[in-house]
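Worksheet: one structure, shown below.
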Amino acid sequence: MPVTKLSVAVCRSYQAAFRVAVKFLDWTGPEVIKGEGSIKKLPEVIRNNGHRSILVVTDKGLMGLNLLDDLFAGLKEQGVLYTVYDGVQPNPTIDNIEEALKLYKNHMCTGIVAFGGGSPMDCAKACAARVARPHTKVQQMRGTLKVIKKLPMLYAVPTTAGTGSETTLAAVVSDPSTHEKYAINDPVLRPKYAVLDPALTLGLPPHITSTTGMDALTHAVEAFIGQSNTPETEDAAKKATKLIFDNIFTAYENGKDMQARENMLEASFLAGVAFTRAYVGYVHAIAHNFGGIYGTPHGLANAVILPYVLDYYGEAAYARLAILAKVAGVADEGETDEQAAKKFIAAIRELNNKMNIPEHLEVMEKDVTTIAQRALREGNPLYPVPRIMGFEEACDIVRQVGNLH
């Protein structure tokens, strides 16, 4: 059925209450260590924080590229023992989290370094949550404010410019038994330190550069057009949007451009700052379920789905999208909000096209209702989107994304 006035009222009431409640939470962000070669500064910070044994969560691909060599050498020099868990899958599973937890306990670790893209970071965050709540299963922490307790110290080292996980309150988990992908949201999941070293992103292939970059843009856009912004989140989202439009194609075309890589890392971080307080929207809710059912990479799913959801919001989002259009330099001051907003959506599609991101994702008709139902379970009533979506509308979006008629 389509969205009803009652369901809209319920969602908006919940969101209004939540906006008041979150003012009492701790929104302290991570201490940032940034610049080319900044990974070499982290081991001393870890030692100075009193750690003698830490867990490093990463994946086999990054281990194979030897990207962690400087970190390992520095830890040895500082006399810090480290244990590596490199079994993280592209969509980290509950088994991954439990395997990392076992290593953490067996080696008497007191902190965790998350090294990689969103998957290692999500795994590390969820592992830390399990340390803090040893008698609570991952499934029981699904949703918002289900962790609460203080976590072991988290150090985040992103190797992609996309997820912003180094500053967000979210950990996204996949449950293979149900083919669901869902988020654990709690301010205690925000890392205490973030290392933004552009040199670690130089080896990214173009298709990872493009999709993770569009992931960051999705964070900035969904945060900015939502109804739970603060002056800080608005400013961060606008700065991130401009940086992405100015740098993503350069980084895609020339992966060795250090300045473009550095700017994209900054954009990803800022977009993370924006959405960790202002939240995301239906793009993410739908994308998570493409990931859960088909294993679709999160950045790719967001990139493809973003313009379809923005089209759905229509005039409810025009004014806010018009601001971003002018920030991004794709619309002029004299244009109406509708004109500018539509230019912004068109510019997103053009960016996708220039970077060989497809217009559609593979989806089977039999899965449409499941994706729609699970997306709405995630999005309603939590996400403060410009326009509330009902089941029929969600199914229609999924069919558009899959080019199903």
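By convention in this document, the chains of the structure tokens carry letters A, B, ... by their order, each chain's residues are numbered from 1, and ligands are numbered from 1 in the order they are shown.
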DSSP helix (DSSP H, G or I) residues within segment 32-230 of chain A, listed as a ChimeraX atom specification: /A:38-48,60-64,69-77,94-106,118-132,138-141,187-189,198-201,206-225
Can you pull out the residues contacting Gly213 of chain A? Cut-off 12 Å, using only C-alpha atoms, and skip same-chain residues under 5 positions away; I want them as a PyMOL selection string. chain A and resi 117+160-164+201+204+206-208+218-220+240-241+243-252+260-261+263-269+271+298-300+302-303+348+351-352+355+357
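Candidate residues A:Leu103, A:Leu200, A:Val401, A:Ile286 were compared for distance to Asn66 of chain A, and the nearest is A:Leu200, using only C-alpha atoms.
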Would you list the contacts of Lys5 of chain A as a short mmCIF file (atom, residue, chain, number, x, y, z; two decimals) with C-alpha atoms, in the first residue's frame, taking every protein, DNA or RNA residue within 12 Å and counting only C-alpha atoms, but skipping same-chain residues closer than 4 positions in sequence?
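part_11.cif, written as the output of this step:
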```cif
data_model
loop_
_atom_site.label_atom_id
_atom_site.label_comp_id
_atom_site.auth_asym_id
_atom_site.auth_seq_id
_atom_site.Cartn_x
_atom_site.Cartn_y
_atom_site.Cartn_z
CA ALA A 9 2.75 11.33 11.30
CA VAL A 10 4.23 8.41 13.25
CA CYS A 11 7.60 8.76 11.51
CA ARG A 12 7.77 12.52 11.97
CA ARG A 387 9.52 12.57 1.96
CA ILE A 388 8.35 9.40 3.71
CA MET A 389 8.15 6.31 1.53
CA GLY A 390 5.55 3.54 1.67
#
```
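Across the model, the gap from atom CA of Ile97 of chain A to atom CA of Cys127 of chain A is 5.3 Å.
Residues within 10 Å of Phe18 of chain A, counting only C-alpha atoms and excluding same-chain residues fewer than 6 positions away, are Arg12, Ser228, Leu382 and Pro384 of chain A.
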Residues from the last selection, C-alpha atoms, saved as a compact mmCIF listing (two decimals), in the first residue's frame:
```
# COMPACT_ATOMS: atom_id res chain seq x y z
CA ARG A 12 7.77 12.52 11.97
CA SER A 228 17.93 16.48 11.49
CA LEU A 382 14.30 6.52 12.03
CA PRO A 384 14.53 11.96 8.75
```
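For the choices A:Leu145, A:Leu68, A:Ala170, A:Ala316, the atom-to-atom distance to Gly118 of chain A is smallest for A:Ala170 when using only C-alpha atoms.
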Calculated over only C-alpha atoms, which of the candidates A:Lys242, A:Lys366, A:His360, A:Arg349 has the smallest distance to Ile323 of chain A? A:Lys242
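Counting from atom CA of Leu55 of chain A, the distance to atom CA of Glu31 of chain A is 19.5 Å.
Here the question is which of A:Phe224, A:Thr159, A:Lys238, A:His405 gets nearest to Thr212 of chain A using only C-alpha atoms, and that residue is A:Thr159.
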Which polymer residues have any atom within 9 Å of an atom of Gly292 of chain A, counting only C-alpha atoms, with same-chain residues fewer than 4 positions away left out, as JSON, numbers by chain? {"A": [91, 174, 175, 176, 178, 179, 180, 181, 182, 287, 288, 296]}
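Atom CA of Met364 of chain A lies 9.9 Å from atom CA of Tyr294 of chain A.
Among the candidate residues A:Met153, A:Val280, A:Glu253, A:Val330, the one lying nearest to Pro205 of chain A is A:Glu253, with distances computed using only C-alpha atoms.
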Would you kindly return, as a CSV table (one decimal) with N, CA and C atoms, in the first residue's frame, each protein, DNA or RNA residue with an atom no farther than 12 Å from any atom of Asp95 of chain A, considering only C-alpha atoms and excluding same-chain residues fewer than 3 positions away?
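What ended up in around39.csv:
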```csv
chain,number,residue,atom,x,y,z
A,87,GLY,N,40.6,-11.8,8.2
A,87,GLY,CA,39.6,-12.6,7.5
A,87,GLY,C,38.3,-11.9,7.2
A,88,VAL,N,38.4,-10.6,7.2
A,88,VAL,CA,37.1,-9.8,7.0
A,88,VAL,C,36.7,-9.9,5.5
A,89,GLN,N,35.5,-10.2,5.3
A,89,GLN,CA,34.9,-10.4,4.0
A,89,GLN,C,34.4,-9.0,3.5
A,91,ASN,N,31.5,-7.9,2.8
A,91,ASN,CA,30.3,-7.5,3.7
A,91,ASN,C,30.5,-8.3,5.0
A,92,PRO,N,31.1,-7.7,6.0
A,92,PRO,CA,31.5,-8.5,7.2
A,92,PRO,C,30.4,-9.2,7.9
A,98,GLU,N,32.9,-12.6,15.4
A,98,GLU,CA,33.2,-13.5,16.5
A,98,GLU,C,34.7,-14.0,16.4
A,99,GLU,N,35.2,-14.2,15.2
A,99,GLU,CA,36.5,-14.7,15.0
A,99,GLU,C,37.5,-13.6,15.5
A,100,ALA,N,37.2,-12.4,15.2
A,100,ALA,CA,38.1,-11.3,15.6
A,100,ALA,C,38.0,-11.2,17.1
A,101,LEU,N,36.8,-11.3,17.7
A,101,LEU,CA,36.7,-11.2,19.2
A,101,LEU,C,37.5,-12.3,19.9
A,102,LYS,N,37.5,-13.5,19.3
A,102,LYS,CA,38.3,-14.6,19.9
A,102,LYS,C,39.8,-14.2,20.0
A,123,CYS,N,33.7,-4.4,11.0
A,123,CYS,CA,34.0,-5.6,11.7
A,123,CYS,C,34.7,-5.2,13.1
A,126,ALA,N,32.1,-3.6,15.5
A,126,ALA,CA,31.2,-4.6,16.1
A,126,ALA,C,32.0,-5.5,17.0
A,127,CYS,N,33.2,-5.8,16.7
A,127,CYS,CA,34.0,-6.6,17.7
A,127,CYS,C,34.2,-5.9,19.0
A,137,LYS,N,24.5,-10.7,21.9
A,137,LYS,CA,24.8,-11.1,20.6
A,137,LYS,C,24.7,-9.9,19.6
A,138,VAL,N,25.4,-10.1,18.5
A,138,VAL,CA,25.4,-9.0,17.5
A,138,VAL,C,24.0,-8.7,17.0
A,139,GLN,N,23.2,-9.7,16.8
A,139,GLN,CA,21.8,-9.5,16.4
A,139,GLN,C,21.0,-8.6,17.4
A,173,VAL,N,26.5,-4.8,9.4
A,173,VAL,CA,26.8,-6.2,9.6
A,173,VAL,C,25.9,-7.0,8.6
A,174,SER,N,26.5,-8.1,8.1
A,174,SER,CA,25.7,-9.0,7.3
A,174,SER,C,25.4,-10.3,8.0
A,175,ASP,N,24.2,-10.8,7.9
A,175,ASP,CA,23.8,-12.1,8.5
A,175,ASP,C,23.5,-13.1,7.4
A,176,PRO,N,24.5,-14.0,7.1
A,176,PRO,CA,24.3,-14.9,6.0
A,176,PRO,C,23.1,-15.8,6.2
A,177,SER,N,22.7,-16.1,7.4
A,177,SER,CA,21.6,-17.0,7.7
A,177,SER,C,20.3,-16.5,7.2
```
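Every residue of segment 101-190 of chain A with a DSSP assignment of strand (DSSP E), taken from the backbone, is listed as Gly111, Ile112, Val113, Ala114, Phe115, Gly116, Gly143, Thr144, Met153, Leu154, Tyr155, Ala156, Val157, Pro158, Ala170, Ala171, Val172, Val173, Ser174, Asp175, Glu180, Lys181, Tyr182, Ala183, Ile184 and Asn185 of chain A.
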Any chance you can output those residues with N, CA and C atoms as a compact mmCIF listing (two decimals), in the first residue's frame?
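The resulting selection37.txt:
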```txt
# COMPACT_ATOMS: atom_id res chain seq x y z
N GLY A 111 43.09 -2.71 22.76
CA GLY A 111 42.65 -1.74 21.76
C GLY A 111 42.57 -2.40 20.40
N ILE A 112 41.94 -1.72 19.44
CA ILE A 112 41.75 -2.27 18.10
C ILE A 112 42.10 -1.22 17.05
N VAL A 113 42.90 -1.63 16.07
CA VAL A 113 43.16 -0.79 14.89
C VAL A 113 42.35 -1.35 13.74
N ALA A 114 41.46 -0.55 13.18
CA ALA A 114 40.70 -0.92 11.99
C ALA A 114 41.43 -0.36 10.78
N PHE A 115 41.90 -1.22 9.90
CA PHE A 115 42.74 -0.80 8.78
C PHE A 115 42.11 -1.28 7.48
N GLY A 116 41.59 -0.34 6.68
CA GLY A 116 41.01 -0.74 5.40
C GLY A 116 39.83 0.12 5.02
N GLY A 143 20.14 -1.88 15.34
CA GLY A 143 19.31 -0.70 15.58
C GLY A 143 20.10 0.41 16.25
N THR A 144 19.42 1.18 17.07
CA THR A 144 19.99 2.41 17.63
C THR A 144 20.11 2.34 19.15
N MET A 153 39.56 1.14 23.07
CA MET A 153 39.93 2.25 22.20
C MET A 153 40.06 1.78 20.76
N LEU A 154 39.41 2.53 19.86
CA LEU A 154 39.41 2.22 18.43
C LEU A 154 40.26 3.24 17.67
N TYR A 155 41.14 2.73 16.82
CA TYR A 155 41.96 3.55 15.93
C TYR A 155 41.56 3.17 14.50
N ALA A 156 41.18 4.15 13.69
CA ALA A 156 40.68 3.86 12.34
C ALA A 156 41.61 4.41 11.28
N VAL A 157 41.98 3.54 10.33
CA VAL A 157 42.88 3.93 9.24
C VAL A 157 42.20 3.59 7.92
N PRO A 158 41.51 4.55 7.30
CA PRO A 158 40.83 4.26 6.03
C PRO A 158 41.80 4.15 4.87
N ALA A 170 28.21 4.17 13.08
CA ALA A 170 27.56 2.99 12.51
C ALA A 170 28.54 1.86 12.24
N ALA A 171 28.05 0.64 12.44
CA ALA A 171 28.73 -0.57 11.99
C ALA A 171 27.70 -1.39 11.24
N VAL A 172 27.98 -1.72 9.99
CA VAL A 172 27.03 -2.45 9.17
C VAL A 172 27.45 -3.92 9.11
N VAL A 173 26.51 -4.80 9.41
CA VAL A 173 26.79 -6.22 9.57
C VAL A 173 25.92 -7.03 8.62
N SER A 174 26.47 -8.12 8.09
CA SER A 174 25.70 -9.04 7.26
C SER A 174 25.43 -10.33 8.02
N ASP A 175 24.21 -10.81 7.90
CA ASP A 175 23.82 -12.07 8.53
C ASP A 175 23.54 -13.08 7.42
N GLU A 180 20.39 -10.78 5.42
CA GLU A 180 20.10 -9.40 5.80
C GLU A 180 21.40 -8.64 6.07
N LYS A 181 21.35 -7.35 5.80
CA LYS A 181 22.46 -6.46 6.10
C LYS A 181 21.87 -5.29 6.88
N TYR A 182 22.39 -5.07 8.08
CA TYR A 182 21.77 -4.04 8.92
C TYR A 182 22.84 -3.31 9.72
N ALA A 183 22.42 -2.20 10.32
CA ALA A 183 23.36 -1.34 11.03
C ALA A 183 23.18 -1.42 12.54
N ILE A 184 24.31 -1.30 13.23
CA ILE A 184 24.34 -1.04 14.66
C ILE A 184 24.74 0.43 14.79
N ASN A 185 23.89 1.23 15.41
CA ASN A 185 24.14 2.66 15.51
C ASN A 185 24.25 3.09 16.97
```
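Take the candidates A:Ser119, A:Ser165, A:Thr4, A:Thr209 and check each one against Leu196 of chain A using only C-alpha atoms; the shortest distance goes to A:Ser165.
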Please provide as a list of chain:residue names all residues within 7 Å of segment 37-42 of chain A, with the sequence filter that same-chain residues fewer than 3 positions apart are discarded (counting only C-alpha atoms). A:Ile33, A:Lys34, A:Val45, A:Ile46, A:Asp70, A:Leu71, A:Gly74, A:Val195, A:Asp197, A:Ala199
